[in-house]
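Asker: The following block contains the structure, expressed as structure tokens.
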Amino acid sequence: MDISELFPAGPILSEERQIGRVPAIEALAARIRAGDVTRIFDRRRWGKSSVARAALARLESDGLIARRLPLDEYPTSEAAATFLASAFASPAARMVKSTRSLGSRIADPLRRAGQTLGSPEASLMGELLAGLGTEQLTLQRVLELIPEELARTGKRAALAIDEAHIIAKWSEQERAALRAFFARDDRRTGVVLASSEASAEETLKQPEVLGYLGEHFLLAPIAEDDWRHGLRERFDRADVPIAPDALDLLLDESRGHPYCTMLLAKHAAELGLTFGEVTVSVVQVALPTVREHEAWKLR
Amino acid sequence: MNVAASEIPSGAGLVRYLYADAPPWARTLPAPGETLILHGDPGSGIDEALEWIAETTHPAGPVVTLDPRLVGDYPSLVRELVSSIAADAFDEDLSARLAVISESPSGPLPELPAGRPDFLQVAAKLADPLNEYSQGALAEVLRYLPSGLLVVRDAHLLTGRWAHEALWELRGVVQNTQRHALVLGSLTEAHHVLVAPSAAFLGAGRIDPVGTDRGPNTWERLVDMHQIAVTREDLHFLLSHTHGLAIPTLSLLLHAEAIGASTALEKHVQRASEQIPAVLETARIISRYGPSLLLRLARGLPPYARPSATARDTNRALRQLAYHGLVARAGTRAWRVADPLLSDALLSRPLPSQLS
């Protein structure tokens, strides 16, 4: 197996690629399943998004509608509304969403093109565009529709909002709509708010932003025993078994920080290929390289 | 000079000339979902490396280049990406139709093909008069490109306030959709802003330097490989003036072959001297200590030993000049004028008495 696959240093990892996170994933999934609003605000490269993604994957396999909304990619309320409409709504609403992103002025040419080329989809989208006002797909409206849609279908949902501090930049009406959505008592939608922005917690806790909604979720350090077991197994799978004292040194130097540990393990494994094993000397040779890495200071 | 400008390898041709096989950093070109940050000193060939990548066939799909150097606001940046996608990802006919929309967004629309939803979405982005390209539009436009490699030149410029959170948007699309690969190019002294503790790409990509193989051995091999008729003595003489940087060294070597090393150097320095007024003016805009620092560094004088500025002031000025590509590091604690030929040319400028 490829060493980069065995020792992945970012970006967002599925559950099977993580080490020692099962308890955290289970606990987070339980909170989401219960319909709670949970906040994970921790340092960068600590595994917040990976744990949230793994929890969502478990919930999705349990039949929940599970979506991750990364606000770095969808930073405005309009973009978030479009994303949520697509994620939660019915196929008809998805069509409206598609047409909205196409823009209204293009409706006539699209309808004509569809008729000329015999494309019913293009014609239909053109028809929809012609009658669609951009004001119809606001965050407030989408957040009203999601519970209705869930109640109608009898489904439950899980939503992980990454880079949640961006919410503070939205308008008061939009934040109020979010507060109302999070505070619903039907508990059909569990929410995780994640951010590594230093002031995220203080910002979002302000009454006019999200107003103390939700509970903090502590993403505890990965237990040393889990690291030892998980890393030893992966070094074996890479055909470069690691000596016990080398593993001690590796964990001592990386201080158990998830990203830094995987980074040092990856470099040590790559170097170890030459010698057929990872010894203390191999880890020592790998150290100067990883110390140069911009993320090493995170540990 | 006897060697025509067209005979000096440039752009991607420079990379092909320097490396018989693929260049060392080509082995680490990113797969979909991955990011590579390439950085180099001015003159090292960093821009040429990006041009070489733009000409490669990448398994992820079309290679699209985004150049923010002439852009200073977010809507223009989005429009630039739309144009780049049109030029690099669509065929000539579709690109021409997009150009019509781009040049006159409120004019009559050209005929639109129904079978290309990716094209229609980009076209709509250009055509919609209601579209203000608010934050998030860059990510939206990139998502319209079904897959591909995005190359961003001088990516450190996107950390400016004008670009809003453009780098976060790019990172978001690359990591979340896993359909695009990303190469960010930057100056060595500026690339740190991409991976700083609060920056978008901290721990999110591989970092490789370009043009660090500058030693005499490398150039001796190259001279032999291309049978450049320059003696070892002349080669080493030229390298002592160019720090082995790819662009000035190769240019000098090819001219030296025709007119001799000393004459070639003299002519190149003469040409560089024409840039002095503009460079000193730029340096002054960047920092009030800029011109004096350039003059001191050109003479090999220590930048810090000046009573008129504190070490902190000088450090800050040096970092600012480096960020804009006017100076570069010459070791752990030493600095030099980034363009070695300009450095030689600056020797012709008198050093004000208070700076000596």
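In the structure tokens, chains take letters A, B, ... by order of appearance, with residues numbered from 1 within each chain and ligands from 1 in the order shown.
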When you look at Phe217 of chain A with a cut-off of 8 Å (counting only C-alpha atoms), what residues show up, excluding the ones that are within fewer than 6 positions of it in the same chain? I need them as a tab-separated table (two decimals) with N, CA and C atoms, in the first residue's frame.
Answerer:
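To be explicit, this is the file written out as around.tsv:
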chain	number	residue	atom	x	y	z
A	28	LEU	N	-19.77	12.09	18.83
A	28	LEU	CA	-20.30	13.19	18.02
A	28	LEU	C	-21.54	12.72	17.24
A	38	THR	N	-23.92	21.19	18.17
A	38	THR	CA	-22.63	20.95	18.82
A	38	THR	C	-21.57	21.86	18.21
A	39	ARG	N	-20.70	22.38	19.08
A	39	ARG	CA	-19.63	23.26	18.58
A	39	ARG	C	-18.27	22.57	18.76
A	40	ILE	N	-17.51	22.50	17.69
A	40	ILE	CA	-16.11	22.01	17.80
A	40	ILE	C	-15.21	23.15	17.35
A	41	PHE	N	-14.67	23.84	18.31
A	41	PHE	CA	-13.73	24.92	17.98
A	41	PHE	C	-12.37	24.53	18.55
Asker: Write out as a Markdown table the residues of segment 107-208 of chain B that have any atom within 12 Å of an atom of segment 52-68 of chain A, one row each with the nearest atom pair and its distance in Å to one decimal, counting only C-alpha atoms, sorted by chain and then rising number.
Answerer:
| residue | atom | partner | partner_atom | distance |
| --- | --- | --- | --- | --- |
| B:Gly172 | CA | A:Arg68 | CA | 11.8 |
| B:Asn176 | CA | A:Arg68 | CA | 9.3 |
| B:Thr177 | CA | A:Arg68 | CA | 11.6 |
Asker: Could you write those residues out with C-alpha atoms, as a compact mmCIF listing (two decimals), in the first residue's frame?
Answerer:
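Produced file out-v5.txt, reproduced below:
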# COMPACT_ATOMS: atom_id res chain seq x y z
CA GLY B 172 -12.52 24.57 -0.46
CA ASN B 176 -14.29 19.22 -1.04
CA THR B 177 -15.04 18.19 -4.60
Asker: Taking only C-alpha atoms into account and nothing else, which residues of chain B lie no more than 9 Å away from chain A? Please answer as a PyMOL selection string.
Answerer: chain B and resi 33-34+109-115+117+120-125+127-131+134-140+165+168-173+175-176+192+195-198+202-205+207
Asker: Just the number, please: distance in Å from atom CA of Gln320 of chain B to atom CA of Leu346 of chain B, one decimal.
Answerer: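 Taking atom CA of Gln320 of chain B and atom CA of Leu346 of chain B, their separation equals 19.5 Å.
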Asker: Which parts of segment 141-351 of chain B does DSSP call alpha helix (DSSP H) when run on the backbone here, written out as a VMD selection string?
Answerer: chain B and resid 141 to 144 166 to 177 216 to 225 232 to 242 246 to 259 261 to 273 276 to 286 290 to 298 311 to 323 340 to 346
Asker: Using DSSP secondary structure from the backbone, list all strand (DSSP E or B) positions within segment 134-263 of chain A, as an MDAnalysis selection string.
Answerer: chainID A and resid 157:162 189:195 215:216 242
Asker: Would you export the selected residues with C-alpha atoms as a PDB file, in the first residue's frame, please?
Answerer:
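So the final result, stored in selection34.pdb, reads:
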ATOM      1  CA  ALA A 157     -30.887  15.141   8.987  1.00  0.00           C
ATOM      2  CA  ALA A 158     -27.313  15.897  10.033  1.00  0.00           C
ATOM      3  CA  LEU A 159     -25.507  19.067   9.050  1.00  0.00           C
ATOM      4  CA  ALA A 160     -21.835  19.900   9.652  1.00  0.00           C
ATOM      5  CA  ILE A 161     -20.977  23.553   9.045  1.00  0.00           C
ATOM      6  CA  ASP A 162     -17.235  24.034   8.552  1.00  0.00           C
ATOM      7  CA  THR A 189     -31.735  18.091  12.383  1.00  0.00           C
ATOM      8  CA  GLY A 190     -28.503  17.692  14.348  1.00  0.00           C
ATOM      9  CA  VAL A 191     -25.882  20.336  13.659  1.00  0.00           C
ATOM     10  CA  VAL A 192     -22.114  20.553  14.142  1.00  0.00           C
ATOM     11  CA  LEU A 193     -20.428  23.939  13.963  1.00  0.00           C
ATOM     12  CA  ALA A 194     -16.676  23.648  13.386  1.00  0.00           C
ATOM     13  CA  SER A 195     -13.990  26.292  13.135  1.00  0.00           C
ATOM     14  CA  GLU A 215     -22.727  22.754  23.460  1.00  0.00           C
ATOM     15  CA  HIS A 216     -18.983  22.572  23.156  1.00  0.00           C
ATOM     16  CA  ILE A 242       9.125   0.349  13.437  1.00  0.00           C
TER      17      ILE A 242
END
Asker: Quick one: residues within 12 Å of Gly331 of chain B, only C-alpha atoms counted, chain neighbours fewer than 4 positions away excluded, as a short mmCIF file (atom, residue, chain, number, x, y, z; two decimals) with C-alpha atoms, in the first residue's frame?
Answerer:
data_model
loop_
_atom_site.label_atom_id
_atom_site.label_comp_id
_atom_site.auth_asym_id
_atom_site.auth_seq_id
_atom_site.Cartn_x
_atom_site.Cartn_y
_atom_site.Cartn_z
CA HIS B 243 24.21 33.45 -8.57
CA TRP B 335 20.23 39.50 1.46
CA ARG B 336 21.03 40.50 -2.11
#
Asker: Do you have the atom CA of Leu149 of chain B-atom CA of Arg17 of chain A distance handy?
Answerer: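 Value for the atom CA of Leu149 of chain B-atom CA of Arg17 of chain A distance: 25.6 Å.
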Asker: Could you check the closest approach to Ala220 of chain A for each of A:Pro258, A:Pro8, A:Pro288, A:Pro244 and tell me which residue wins, using only C-alpha atoms?
Answerer: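 Comparing A:Pro258, A:Pro8, A:Pro288, A:Pro244 against Ala220 of chain A, the winner is A:Pro258.
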Asker: For Ile46 of chain B, list every protein, DNA or RNA residue within 8 Å, evaluated using only C-alpha atoms, and leave out those in the same chain fewer than 3 positions away; present the list as a ChimeraX atom specification.
Answerer: /B:38-43,49-50,185-187,210-211
Asker: If you count only C-alpha atoms, which residues fall within 9 Å of segment 16-19 of chain B, apart from same-chain ones fewer than 5 positions away, as number ranges by chain?
Answerer: B: 9, 24, 52, 222, 226, 246
Asker: Restricting the output to N, CA and C atoms, write the selected residues as a PDB file, in the first residue's frame.
Answerer:
ATOM      1  N   PRO B   9      15.870  30.641 -24.954  1.00  0.00           N
ATOM      2  CA  PRO B   9      14.671  29.905 -24.536  1.00  0.00           C
ATOM      3  C   PRO B   9      13.883  30.696 -23.491  1.00  0.00           C
ATOM      4  N   PRO B  24      12.694  18.296 -11.772  1.00  0.00           N
ATOM      5  CA  PRO B  24      12.492  17.528 -10.527  1.00  0.00           C
ATOM      6  C   PRO B  24      11.117  17.739  -9.904  1.00  0.00           C
ATOM      7  N   TRP B  52       5.328  25.831 -18.120  1.00  0.00           N
ATOM      8  CA  TRP B  52       5.595  24.445 -18.544  1.00  0.00           C
ATOM      9  C   TRP B  52       4.437  23.543 -18.091  1.00  0.00           C
ATOM     10  N   LEU B 222      25.123  21.461 -18.213  1.00  0.00           N
ATOM     11  CA  LEU B 222      24.225  22.067 -19.200  1.00  0.00           C
ATOM     12  C   LEU B 222      25.000  22.612 -20.402  1.00  0.00           C
ATOM     13  N   HIS B 226      24.394  21.140 -24.210  1.00  0.00           N
ATOM     14  CA  HIS B 226      23.960  21.957 -25.353  1.00  0.00           C
ATOM     15  C   HIS B 226      25.140  22.453 -26.191  1.00  0.00           C
ATOM     16  N   ALA B 246      18.585  30.841 -13.278  1.00  0.00           N
ATOM     17  CA  ALA B 246      18.396  30.270 -14.613  1.00  0.00           C
ATOM     18  C   ALA B 246      18.319  31.328 -15.719  1.00  0.00           C
TER      19      ALA B 246
END
Asker: Please identify all polymer residues within 10 Å of Thr159 of chain B, counting only C-alpha atoms, omitting same-chain residues fewer than 5 positions from it, and present them as a list in words.
Answerer: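 So the residues in contact are His164, Glu165, Ala166, Leu167, Trp168, Val193, Leu194, Ala199 and Ala200 of chain B.
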Asker: Please produce a file of the residues just selected, as a JSON list (two decimals), in the first residue's frame, where the atoms kept are C-alpha atoms.
Answerer:
[["chain", "number", "residue", "atom", "x", "y", "z"],
["B", 164, "HIS", "CA", -11.40, 38.65, 0.00],
["B", 165, "GLU", "CA", -10.98, 34.97, 0.86],
["B", 166, "ALA", "CA", -10.14, 33.78, -2.66],
["B", 167, "LEU", "CA", -7.53, 31.28, -1.47],
["B", 168, "TRP", "CA", -9.98, 29.74, 1.00],
["B", 193, "VAL", "CA", 1.85, 33.84, 3.48],
["B", 194, "LEU", "CA", 0.10, 30.91, 1.81],
["B", 199, "ALA", "CA", -3.51, 30.94, 6.04],
["B", 200, "ALA", "CA", -5.66, 28.76, 3.81]]
Asker: May I ask which of the residues B:Arg161, B:Ala155, B:Ala60, B:Gly45 is the closest one to Gly72 of chain B, counting only C-alpha atoms?
Answerer: B:Arg161
Asker: Find the residue from A:Ala151, A:Leu139, A:Leu219, A:Leu204 that sits nearest to Ala27 of chain A; use only C-alpha atoms when measuring.
Answerer: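 Between A:Ala151, A:Leu139, A:Leu219, A:Leu204, the residue approaching Ala27 of chain A most closely is A:Leu219.
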Asker: So what do you get for atom CA of Glu281 of chain B versus atom CA of Asp67 of chain B, distance-wise?
Answerer: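 Computing it gives 24.5 Å between the two atoms.
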